[in-house]
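K.L.:
Contents are compact mmCIF, C-alpha atoms; file name upload00.txt:
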```txt
# COMPACT_ATOMS: atom_id res chain seq x y z
CA MET R 15 0.00 0.00 0.00
CA ARG R 16 1.37 3.40 -1.00
CA SER R 17 1.44 6.24 1.48
CA ILE R 18 0.23 9.78 0.89
CA VAL R 19 3.81 11.00 0.65
CA GLU R 20 4.62 8.38 -1.98
CA LEU R 21 1.69 9.54 -4.08
CA GLU R 22 3.00 13.10 -4.00
CA PHE R 23 6.52 12.09 -5.08
CA PHE R 24 5.72 9.44 -7.67
CA PRO R 25 4.72 11.91 -10.44
CA ARG R 26 7.99 13.80 -9.98
CA LEU R 27 9.99 10.58 -9.87
CA ARG R 28 8.21 9.34 -12.98
CA ARG R 29 9.10 12.54 -14.85
CA ALA R 30 12.72 12.22 -13.81
CA ILE R 31 12.96 8.61 -15.00
CA LEU R 32 11.25 9.41 -18.30
CA LEU R 33 13.59 12.35 -18.86
CA GLY R 34 16.66 10.22 -18.11
CA THR R 35 15.43 7.45 -20.42
CA ALA R 36 14.83 9.97 -23.19
CA VAL R 37 18.36 11.41 -22.88
CA VAL R 38 20.00 7.95 -22.93
CA ALA R 39 17.86 6.84 -25.86
CA ALA R 40 18.62 10.02 -27.81
CA GLY R 41 22.37 9.63 -27.22
CA THR R 42 22.40 5.92 -28.13
CA ILE R 43 20.38 6.33 -31.33
CA GLY R 44 22.24 9.53 -32.25
CA TYR R 45 25.65 7.85 -32.07
CA TYR R 46 24.35 4.78 -33.88
CA PHE R 47 23.18 6.65 -36.96
CA MET R 48 25.86 9.34 -36.81
CA PHE R 49 28.55 6.71 -37.40
CA HIS R 50 26.46 5.02 -40.09
CA ARG R 51 25.79 1.92 -37.99
CA GLU R 52 29.46 0.99 -37.89
CA TYR R 53 29.21 0.38 -34.17
CA SER R 54 26.73 -1.79 -32.30
CA MET R 55 23.90 -0.44 -30.22
CA LEU R 56 25.68 -1.71 -27.11
CA ASP R 57 28.79 0.34 -27.99
CA CYS R 58 26.65 3.42 -28.58
CA PHE R 59 24.77 2.85 -25.32
CA TYR R 60 28.06 2.40 -23.47
CA MET R 61 29.43 5.60 -24.99
CA THR R 62 26.29 7.48 -23.91
CA ILE R 63 26.47 6.23 -20.33
CA VAL R 64 30.20 7.05 -20.07
CA THR R 65 29.55 10.55 -21.40
CA ILE R 66 26.58 11.30 -19.13
CA SER R 67 28.21 9.88 -16.02
CA THR R 68 31.51 11.73 -16.74
CA VAL R 69 33.48 8.80 -15.32
CA GLY R 70 36.40 9.49 -17.65
CA PHE R 71 36.69 6.07 -19.34
CA ARG R 72 38.16 5.95 -22.83
CA GLU R 73 35.98 6.83 -25.78
CA VAL R 74 34.58 3.83 -27.57
CA LEU R 75 33.60 5.90 -30.61
CA PRO R 76 36.08 8.22 -32.42
CA VAL R 77 34.14 11.43 -31.68
CA GLU R 78 37.30 13.57 -31.60
CA ALA R 79 37.49 13.41 -35.37
CA HIS R 80 33.76 13.85 -35.91
CA THR R 81 32.22 17.34 -35.59
CA ALA R 82 28.66 16.12 -35.17
CA GLY R 83 29.90 13.56 -32.67
CA LYS R 84 31.55 16.30 -30.62
CA LEU R 85 28.35 18.38 -30.61
CA LEU R 86 26.25 15.41 -29.53
CA THR R 87 28.75 14.59 -26.78
CA ILE R 88 28.66 18.17 -25.51
CA ALA R 89 24.86 18.11 -25.49
CA LEU R 90 24.88 14.82 -23.60
CA ILE R 91 27.34 16.12 -21.03
CA VAL R 92 25.29 19.27 -20.38
CA GLY R 93 21.82 17.75 -20.60
CA GLY R 94 22.72 14.35 -19.19
CA THR R 95 24.51 15.69 -16.12
CA GLY R 96 21.54 17.92 -15.33
CA THR R 97 19.19 14.97 -15.74
CA VAL R 98 21.26 12.76 -13.44
CA LEU R 99 21.30 15.48 -10.78
CA TYR R 100 17.53 15.86 -11.11
CA ILE R 101 16.98 12.11 -10.67
CA VAL R 102 19.34 11.91 -7.69
CA SER R 103 17.76 14.94 -6.01
CA THR R 104 14.27 13.52 -6.55
CA ILE R 105 15.17 10.15 -5.06
CA THR R 106 16.97 11.81 -2.14
CA ALA R 107 13.99 14.06 -1.45
CA PHE R 108 11.68 11.06 -1.58
CA ILE R 109 13.79 9.10 0.91
CA VAL R 110 14.62 11.91 3.33
CA GLU R 111 11.82 14.45 3.09
CA GLY R 112 9.15 11.90 2.20
CA ASP R 113 9.88 9.58 5.10
CA LEU R 114 10.16 12.50 7.50
CA ARG R 115 6.85 14.03 6.43
CA HIS R 116 5.12 10.67 6.57
CA VAL R 117 6.44 9.93 10.06
CA LEU R 118 5.46 13.39 11.35
CA TRP R 119 2.00 13.12 9.79
CA ARG R 120 1.37 9.69 11.31
CA ARG R 121 2.57 10.79 14.74
CA ARG R 122 0.30 13.82 14.62
CA MET R 123 -2.67 11.60 13.80
CA GLU R 124 -1.74 9.11 16.56
CA ARG R 125 -1.53 11.91 19.15
CA ARG R 126 -4.95 13.17 18.14
CA ILE R 127 -6.51 9.72 18.47
CA GLU R 128 -4.91 9.11 21.88
CA GLU R 129 -6.65 12.24 23.17
CA MET R 130 -10.05 11.29 21.77
CA SER R 131 -12.95 9.52 23.46
CA ASP R 132 -16.67 9.22 22.68
CA HIS R 133 -15.75 9.80 19.06
CA ILE R 134 -17.07 8.24 15.86
CA ILE R 135 -15.04 5.99 13.59
CA VAL R 136 -15.78 6.09 9.86
CA CYS R 137 -14.54 3.09 7.87
CA GLY R 138 -14.19 3.87 4.18
CA VAL R 139 -14.14 7.36 2.66
CA GLY R 140 -15.45 6.47 -0.78
CA SER R 141 -18.67 7.54 -2.49
CA THR R 142 -20.69 7.26 0.73
CA GLY R 143 -18.05 7.70 3.41
CA GLN R 144 -16.86 11.06 2.10
CA HIS R 145 -20.33 12.55 2.64
CA VAL R 146 -20.51 10.95 6.09
CA ALA R 147 -17.17 12.56 6.97
CA HIS R 148 -18.28 15.97 5.71
CA GLU R 149 -21.52 15.77 7.72
CA LEU R 150 -19.65 14.88 10.90
CA MET R 151 -17.17 17.69 10.34
CA THR R 152 -20.02 20.13 9.69
CA ILE R 153 -21.74 19.42 13.01
CA GLY R 154 -18.42 19.33 14.85
CA ALA R 155 -18.55 15.67 15.89
CA PRO R 156 -15.08 14.25 16.68
CA CYS R 157 -14.27 11.42 14.28
CA VAL R 158 -11.49 9.19 12.97
CA LEU R 159 -11.49 8.34 9.26
CA ILE R 160 -10.04 5.01 8.13
CA GLU R 161 -9.28 4.65 4.43
CA GLN R 162 -7.01 2.09 2.79
CA ASN R 163 -6.57 3.93 -0.51
CA PRO R 164 -4.26 6.96 0.00
CA GLU R 165 -5.39 8.40 -3.33
CA LEU R 166 -8.80 9.08 -1.77
CA VAL R 167 -7.09 10.81 1.15
CA THR R 168 -5.15 13.16 -1.13
CA ARG R 169 -8.31 13.79 -3.18
CA HIS R 170 -10.12 15.24 -0.16
CA ARG R 171 -7.72 18.07 0.68
CA ASP R 172 -10.17 19.79 3.02
CA LEU R 173 -10.65 16.61 5.06
CA GLN R 174 -6.95 15.75 4.88
CA THR R 175 -5.95 18.78 6.92
CA LYS R 176 -8.93 18.99 9.31
CA ALA R 177 -9.83 15.37 9.95
CA THR R 178 -8.01 12.64 11.86
CA TRP R 179 -6.93 9.85 9.51
CA ILE R 180 -5.62 6.32 9.54
CA VAL R 181 -4.47 5.19 6.10
CA ASP R 182 -4.89 1.44 6.48
CA ASP R 183 -7.29 -1.50 6.17
CA ALA R 184 -10.39 -1.04 8.36
CA THR R 185 -10.99 -4.81 8.39
CA ASP R 186 -7.78 -5.25 10.41
CA GLU R 187 -8.45 -5.55 14.14
CA ASP R 188 -5.23 -3.71 15.02
CA VAL R 189 -6.32 -0.77 12.88
CA LEU R 190 -9.65 -0.51 14.71
CA LEU R 191 -7.79 -0.61 18.02
CA ALA R 192 -5.47 2.13 16.78
CA ALA R 193 -8.57 4.20 15.94
CA GLY R 194 -9.63 3.96 19.59
CA VAL R 195 -12.60 1.66 19.04
CA ARG R 196 -12.75 0.77 22.74
CA ARG R 197 -13.14 4.46 23.64
CA ALA R 198 -15.44 5.35 20.74
CA LYS R 199 -19.19 5.81 21.06
CA GLY R 200 -20.00 4.90 17.47
CA LEU R 201 -18.75 3.38 14.24
CA ILE R 202 -19.99 3.89 10.69
CA THR R 203 -18.79 1.33 8.18
CA ALA R 204 -19.26 2.49 4.59
CA LEU R 205 -16.94 0.16 2.69
CA SER R 206 -17.70 -0.77 -0.90
CA GLU R 207 -18.27 -4.49 -0.24
CA ASP R 208 -20.95 -5.96 2.03
CA LYS R 209 -18.59 -8.70 3.20
CA ASP R 210 -16.10 -6.09 4.39
CA ASN R 211 -18.82 -4.22 6.27
CA VAL R 212 -19.90 -7.48 7.90
CA TYR R 213 -16.32 -8.22 9.00
CA VAL R 214 -15.77 -4.71 10.38
CA THR R 215 -19.09 -4.86 12.24
CA LEU R 216 -18.31 -8.25 13.77
CA THR R 217 -14.80 -7.20 14.82
CA ALA R 218 -15.88 -3.85 16.25
CA ARG R 219 -18.73 -5.44 18.20
CA GLN R 220 -16.34 -7.92 19.82
CA LEU R 221 -13.92 -5.14 20.74
CA ASN R 222 -16.60 -2.84 22.15
CA PRO R 223 -19.99 -4.39 23.04
CA ASN R 224 -21.44 -0.94 23.85
CA LEU R 225 -20.49 0.61 20.51
CA ARG R 226 -23.31 1.89 18.29
CA ILE R 227 -22.67 0.58 14.79
CA VAL R 228 -24.31 1.94 11.65
CA ALA R 229 -23.52 -0.12 8.55
CA LYS R 230 -23.92 0.53 4.86
CA VAL R 231 -25.71 -2.26 3.03
CA ILE R 232 -25.48 -2.59 -0.75
CA ASN R 233 -27.33 -5.82 -1.35
CA ASN R 234 -30.36 -6.42 0.87
CA LYS R 235 -29.36 -10.10 1.04
CA ALA R 236 -26.53 -9.03 3.37
CA SER R 237 -28.89 -7.30 5.82
CA GLN R 238 -29.43 -10.35 8.02
CA LYS R 239 -25.70 -11.06 8.25
CA LEU R 240 -24.97 -7.47 9.24
CA ARG R 241 -27.58 -7.60 11.97
CA GLN R 242 -26.23 -10.92 13.25
CA ALA R 243 -22.72 -9.43 13.21
CA GLY R 244 -23.93 -6.70 15.57
CA ALA R 245 -25.01 -3.70 13.48
CA ASP R 246 -27.52 -1.47 15.30
CA LYS R 247 -28.74 0.22 12.15
CA LEU R 248 -28.50 -0.57 8.43
CA VAL R 249 -28.58 2.11 5.75
CA SER R 250 -29.04 1.45 2.05
CA PRO R 251 -27.78 4.50 0.09
CA SER R 252 -29.94 3.63 -2.90
CA GLU R 253 -33.13 3.31 -0.82
CA MET R 254 -32.34 6.42 1.22
CA GLY R 255 -31.60 8.36 -1.94
CA ALA R 256 -34.90 7.32 -3.50
CA SER R 257 -36.82 8.24 -0.34
CA ARG R 258 -35.07 11.62 -0.16
CA MET R 259 -35.91 12.41 -3.77
CA VAL R 260 -39.59 11.62 -3.19
CA GLN R 261 -39.70 13.72 -0.01
CA GLU R 262 -37.98 16.62 -1.78
CA MET R 263 -40.73 16.48 -4.39
CA ILE R 264 -43.71 16.08 -2.04
CA ARG R 265 -42.61 17.79 1.21
CA PRO R 266 -39.75 20.15 0.29
CA GLN R 267 -40.25 22.55 3.21
CA ILE R 268 -40.24 19.78 5.81
CA VAL R 269 -37.06 18.28 4.32
CA THR R 270 -35.35 21.68 4.36
CA PHE R 271 -36.42 22.24 7.96
CA LEU R 272 -35.10 18.87 9.13
CA GLU R 273 -31.87 19.30 7.19
CA LYS R 274 -31.18 22.60 8.91
CA MET R 275 -32.06 21.18 12.30
CA LEU R 276 -29.73 18.21 11.88
CA SER R 277 -26.77 19.58 9.96
CA HIS R 278 -26.31 23.34 9.91
CA ARG R 279 -23.94 24.58 12.60
CA GLU R 280 -25.31 28.12 12.27
CA GLN R 281 -28.74 27.04 13.54
CA THR R 282 -29.43 28.01 17.16
CA LEU R 283 -31.95 25.23 17.75
CA LYS R 284 -31.05 21.58 17.20
CA LEU R 285 -32.76 18.24 17.38
CA GLU R 286 -31.04 16.50 20.28
CA GLU R 287 -31.58 13.27 22.19
CA VAL R 288 -31.16 12.64 25.92
CA THR R 289 -31.10 9.06 27.21
CA LEU R 290 -32.10 8.73 30.85
CA ARG R 291 -29.89 6.56 33.04
CA SER R 292 -30.58 4.89 36.38
CA GLY R 293 -29.87 7.30 39.18
CA SER R 294 -30.84 10.30 37.07
CA GLY R 295 -32.63 13.08 38.86
CA LEU R 296 -35.31 12.93 36.17
CA VAL R 297 -36.22 9.23 36.44
CA GLY R 298 -39.52 8.64 38.24
CA LYS R 299 -40.79 12.19 37.70
CA GLU R 300 -43.64 13.29 35.50
CA LEU R 301 -42.66 15.41 32.51
CA ARG R 302 -44.29 18.49 34.06
CA GLU R 303 -42.44 17.86 37.33
CA ALA R 304 -39.10 17.50 35.52
CA ASN R 305 -39.66 21.04 34.23
CA LEU R 306 -37.06 20.96 31.47
CA ARG R 307 -38.00 24.53 30.63
CA ARG R 308 -35.94 25.70 33.58
CA PHE R 309 -32.83 24.84 31.60
CA GLY R 310 -33.93 26.85 28.57
CA ASN R 311 -36.39 26.83 25.71
CA ILE R 312 -36.45 23.02 25.41
CA LEU R 313 -39.34 21.24 23.73
CA VAL R 314 -39.83 17.46 24.10
CA LEU R 315 -41.07 16.22 20.72
CA ALA R 316 -41.13 12.51 21.50
CA VAL R 317 -40.01 9.83 23.94
CA ARG R 318 -38.71 6.43 22.97
CA TRP R 319 -38.43 3.32 25.16
CA PRO R 320 -35.56 0.82 24.79
CA ASP R 321 -37.90 -1.69 23.12
CA GLY R 322 -38.62 0.81 20.33
CA GLU R 323 -42.04 2.03 21.47
CA THR R 324 -42.37 5.73 20.76
CA VAL R 325 -44.80 8.39 21.94
CA TYR R 326 -44.95 11.65 20.03
CA THR R 327 -45.78 15.00 21.68
CA PRO R 328 -46.00 13.37 25.13
CA GLY R 329 -48.36 14.83 27.71
CA PRO R 330 -47.21 16.50 30.94
CA ASP R 331 -48.27 13.51 33.05
CA LEU R 332 -45.89 11.07 31.29
CA VAL R 333 -43.59 9.40 33.87
CA LEU R 334 -39.91 9.40 32.86
CA GLU R 335 -38.30 5.97 33.12
CA ASP R 336 -34.80 4.50 33.14
CA GLY R 337 -33.51 3.89 29.61
CA MET R 338 -36.04 6.21 28.00
CA THR R 339 -34.73 8.58 25.32
CA LEU R 340 -36.11 12.10 25.03
CA ILE R 341 -36.15 13.61 21.54
CA THR R 342 -35.85 17.35 22.14
CA LEU R 343 -35.67 20.60 20.22
CA GLY R 344 -33.49 23.22 21.82
CA ARG R 345 -30.11 24.86 21.99
CA PRO R 346 -27.30 22.28 22.34
CA ASP R 347 -25.83 24.03 25.39
CA GLU R 348 -29.21 24.03 27.15
CA VAL R 349 -29.87 20.37 26.34
CA GLU R 350 -26.40 19.58 27.68
CA LYS R 351 -27.50 20.93 31.06
CA VAL R 352 -30.22 18.28 31.09
CA ARG R 353 -27.61 15.60 30.39
CA GLN R 354 -25.46 16.91 33.24
CA ILE R 355 -28.16 15.97 35.76
CA GLN R 356 -27.29 12.33 35.13
CA ARG R 357 -23.57 12.63 35.72
```
What's the C-alpha cells form of this structure?
P.N.:
Amino acid sequence: MRSIVELEFFPRLRRAILLGTAVVAAGTIGYYFMFHREYSMLDCFYMTIVTISTVGFREVLPVEAHTAGKLLTIALIVGGTGTVLYIVSTITAFIVEGDLRHVLWRRRMERRIEEMSDHIIVCGVGSTGQHVAHELMTIGAPCVLIEQNPELVTRHRDLQTKATWIVDDATDEDVLLAAGVRRAKGLITALSEDKDNVYVTLTARQLNPNLRIVAKVINNKASQKLRQAGADKLVSPSEMGASRMVQEMIRPQIVTFLEKMLSHREQTLKLEEVTLRSGSGLVGKELREANLRRFGNILVLAVRWPDGETVYTPGPDLVLEDGMTLITLGRPDEVEKVRQIQR
C-alpha cells in the first residue's frame, strides 16, 4: 500500500525517470546513426552512459574526429549531467523528506486519536463515506477516518488537513484498536463491499460491546448477516436516496427544515436526544415535574423506550423511566445541562 507521501513524489519521480530514459535513448540512437551503424547499439549505449556519467573512461567511438559527434557529446554532457542530478535529487527528497513528512503526519494523527474519546469511527471514505465525513465535520462531531486507498485521502484536501486519519485497512483488528474503538461511542462502516462491512461490524462489536454501529448495506441479502454481526442500524444508500428524492418532491419545506435542524452549525436550535440513566434526577418524575424549561427553551417532541415504542408530543403527566430517550428541540448548550443531571 502506498502512502500519501509516496503519491505526491511518484509523479515527480516518474518525470525524472522518463527524462533520463529519453536522454539515454537520444544519445544511443544519435551515435548509432551518426557513425552510419558501424558500431553496435551496445557500444553506442556504453558511450552514452560514459559521457553522461563523466566517469572518464576511454571513448569507444572516435568522436574527436567527428564534428557532429563532438556536438552530440557536448549536449549529452550538459543535458545528461543535469538529468542525473535531477533524478538523484528527486530520489533523495523522496527518501529523506518523504519519510520524514510521513512519520510526522502519522505521529500527529496518533496523538490526536490518543486524546479522543466518545468519538465516531468512519470506515471507508469512498462515495458514501466522504459525505458521512463531511456531515460529521459540519456538526463538529469528533471522528477518525479510516481509508485504505491513499489516493482518496489526497483527493479530499479539506478533510486531509482537518480530519483525523488512519491510512490502512479497516478490516484489520489492530487498525480498529489504533482508531480507539474501545473508547469510541460509534462506528460507521461504509466500505464498498458488504462482506467487508460485515467483518468490520463483527470485529468492532467484539472489541466494544457498547459501541453503536451503523452499517452501509449494498445488497439487501446481506442485511441479516450485518444484523447478526452486531449492526444497530442498516442504511441502504440507494433506498435512502430514493426516499429523499420523493420527499424533496412532495414535502420540500419539511425536508429543508429537518436538514437545517440536523446539519447546519449556524442554527441556534437543534434536534437533540437525551437518554435517561438509572440514578438520574429525572427518572420517576412526570414530565411536568421534571420542568425541562428551567434549563432553557427546550421542547420534548417525543419519547422512545428501549424496546422501540415511541410516543410523540407526550403529555405532561408522562412518567420518565430509566432507559427512555427524550427527543428534544433546543439549543445544544441548554440540552447539555439536562444531560449533566445524570452525571
K.L.:
Using only C-alpha atoms, find the one residue out of R:Asp186, R:Asp321, R:Glu286, R:Glu335 that sits nearest to Glu300 (chain R).
P.N.:
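Among the listed residues, R:Glu335 lies closest to Glu300 (chain R).
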K.L.:
So the first atom is CA of Ala245 (chain R) and the second is CA of Thr215 (chain R); what is the distance between them in Å, to one decimal place?
P.N.:
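Separating CA of Ala245 (chain R) from CA of Thr215 (chain R) is a distance of 6.2 Å.
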K.L.:
Just the number, please: distance in Å from CA of Leu99 (chain R) to CA of Leu75 (chain R), one decimal.
P.N.:
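Computing it gives 25.2 Å between the two atoms.
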K.L.:
Give me, as a tab-separated table, each residue of region 170-251 of chain R that comes within 8 Å of region 122-135 of chain R, together with its shortest interatomic pair and the distance in Å at one decimal, counting all atoms listed in the file, with rows ordered by chain and rising residue number.
P.N.:
```
residue	atom	partner	partner_atom	distance
R:Thr178	CA	R:Met123	CA	5.8
R:Trp179	CA	R:Met123	CA	6.3
R:Ile180	CA	R:Met123	CA	7.4
R:Ala192	CA	R:Ile127	CA	7.8
R:Ala193	CA	R:Ile127	CA	6.4
R:Gly194	CA	R:Ile127	CA	6.6
R:Val195	CA	R:Ile135	CA	7.4
R:Arg197	CA	R:Ser131	CA	5.1
R:Ala198	CA	R:Asp132	CA	4.5
R:Lys199	CA	R:Asp132	CA	4.5
R:Gly200	CA	R:Ile134	CA	4.7
R:Leu201	CA	R:Ile135	CA	4.6
R:Ile202	CA	R:Ile135	CA	6.1
```
K.L.:
For a quick check of your reading of the model, name the residues lying within 9 Å of the coordinate (-41.1, 16.3, 18.7), counting only C-alpha atoms, and write them as a ChimeraX atom specification.
P.N.:
/R:285,313-317,326-328,341-343
K.L.:
Calculate how many Å separate CA of Ile31 (chain R) from CA of Tyr45 (chain R), rounding to one decimal.
P.N.:
21.3 Å
K.L.:
Between R:Gly34, R:Gly83, R:Gly337, R:Gly310, which is the closest to His50 (chain R) once you count all atoms listed in the file?
P.N.:
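The answer is R:Gly83, which sits nearest to His50 (chain R).
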K.L.:
Of the candidates R:Val288, R:Ile43, R:Met254, R:Val189, which shows the shortest atom-to-atom distance to Thr339 (chain R), using only C-alpha atoms?
P.N.:
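Checking each candidate against Thr339 (chain R), we get R:Val288 as the closest.
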K.L.:
Could the residues of region 231-261 of chain R that have an atom at most 7 Å from region 203-212 of chain R be listed as a tab-separated table, each with its closest atom pair and the distance in Å to one decimal, counting all atoms listed in the file and ordered by chain and ascending residue number?
P.N.:
```
residue	atom	partner	partner_atom	distance
R:Val231	CA	R:Asp208	CA	6.1
R:Ile232	CA	R:Asp208	CA	6.3
R:Ala236	CA	R:Asp208	CA	6.5
R:Lys239	CA	R:Val212	CA	6.8
R:Leu240	CA	R:Val212	CA	5.2
R:Ala243	CA	R:Val212	CA	6.3
```
K.L.:
Which residue out of R:Arg265, R:Arg318, R:Arg291, R:His148 has the minimum interatomic distance to Ile355 (chain R) when all atoms listed in the file are used?
P.N.:
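Ranking R:Arg265, R:Arg318, R:Arg291, R:His148 by distance to Ile355 (chain R), first place goes to R:Arg291.
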K.L.:
Residues within 10 Å of (-16.6, -6.7, 14.7), file coordinates, counting only C-alpha atoms: what are they? Give the list as an mmCIF file with C-alpha atoms, in the coordinates of the input.
P.N.:
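The resulting file, out05.cif, is reproduced below:
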```
data_model
loop_
_atom_site.group_PDB
_atom_site.id
_atom_site.type_symbol
_atom_site.label_atom_id
_atom_site.label_comp_id
_atom_site.auth_asym_id
_atom_site.auth_seq_id
_atom_site.Cartn_x
_atom_site.Cartn_y
_atom_site.Cartn_z
ATOM 1 C CA THR R 185 -10.990 -4.810 8.390
ATOM 2 C CA ASP R 186 -7.780 -5.250 10.410
ATOM 3 C CA GLU R 187 -8.450 -5.550 14.140
ATOM 4 C CA LEU R 190 -9.650 -0.510 14.710
ATOM 5 C CA ASN R 211 -18.820 -4.220 6.270
ATOM 6 C CA VAL R 212 -19.900 -7.480 7.900
ATOM 7 C CA TYR R 213 -16.320 -8.220 9.000
ATOM 8 C CA VAL R 214 -15.770 -4.710 10.380
ATOM 9 C CA THR R 215 -19.090 -4.860 12.240
ATOM 10 C CA LEU R 216 -18.310 -8.250 13.770
ATOM 11 C CA THR R 217 -14.800 -7.200 14.820
ATOM 12 C CA ALA R 218 -15.880 -3.850 16.250
ATOM 13 C CA ARG R 219 -18.730 -5.440 18.200
ATOM 14 C CA GLN R 220 -16.340 -7.920 19.820
ATOM 15 C CA LEU R 221 -13.920 -5.140 20.740
ATOM 16 C CA ASN R 222 -16.600 -2.840 22.150
ATOM 17 C CA PRO R 223 -19.990 -4.390 23.040
ATOM 18 C CA ILE R 227 -22.670 0.580 14.790
ATOM 19 C CA ALA R 243 -22.720 -9.430 13.210
ATOM 20 C CA GLY R 244 -23.930 -6.700 15.570
ATOM 21 C CA ALA R 245 -25.010 -3.700 13.480
#
```
K.L.:
Name the closest residue to Gly255 (chain R) among the candidates R:Thr142, R:Val158, R:Leu191, R:Ser54; distances are taken between atoms, counting all atoms listed in the file.
P.N.:
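Using all atoms listed in the file, the shortest distance to Gly255 (chain R) belongs to R:Thr142.
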K.L.:
Write out as a list in words the residues lying within 10 Å of Leu290 (chain R), counting only C-alpha atoms and excluding same-chain residues fewer than 2 positions away.
P.N.:
Glu287, Val288, Ser292, Gly293, Ser294, Gly295, Leu296, Val297, Leu334, Glu335, Asp336, Gly337, Met338, Thr339, Leu340, Val352, Arg353, Ile355 and Gln356 of chain R
K.L.:
Do you know which residues are at most 12 Å from Val146 (chain R) counting only C-alpha atoms, after dropping those on the same chain fewer than 3 positions away, and could you put them as a ChimeraX atom specification?
P.N.:
/R:134-143,149-153,155,157-159,173,201-205,228-230,249,251,277
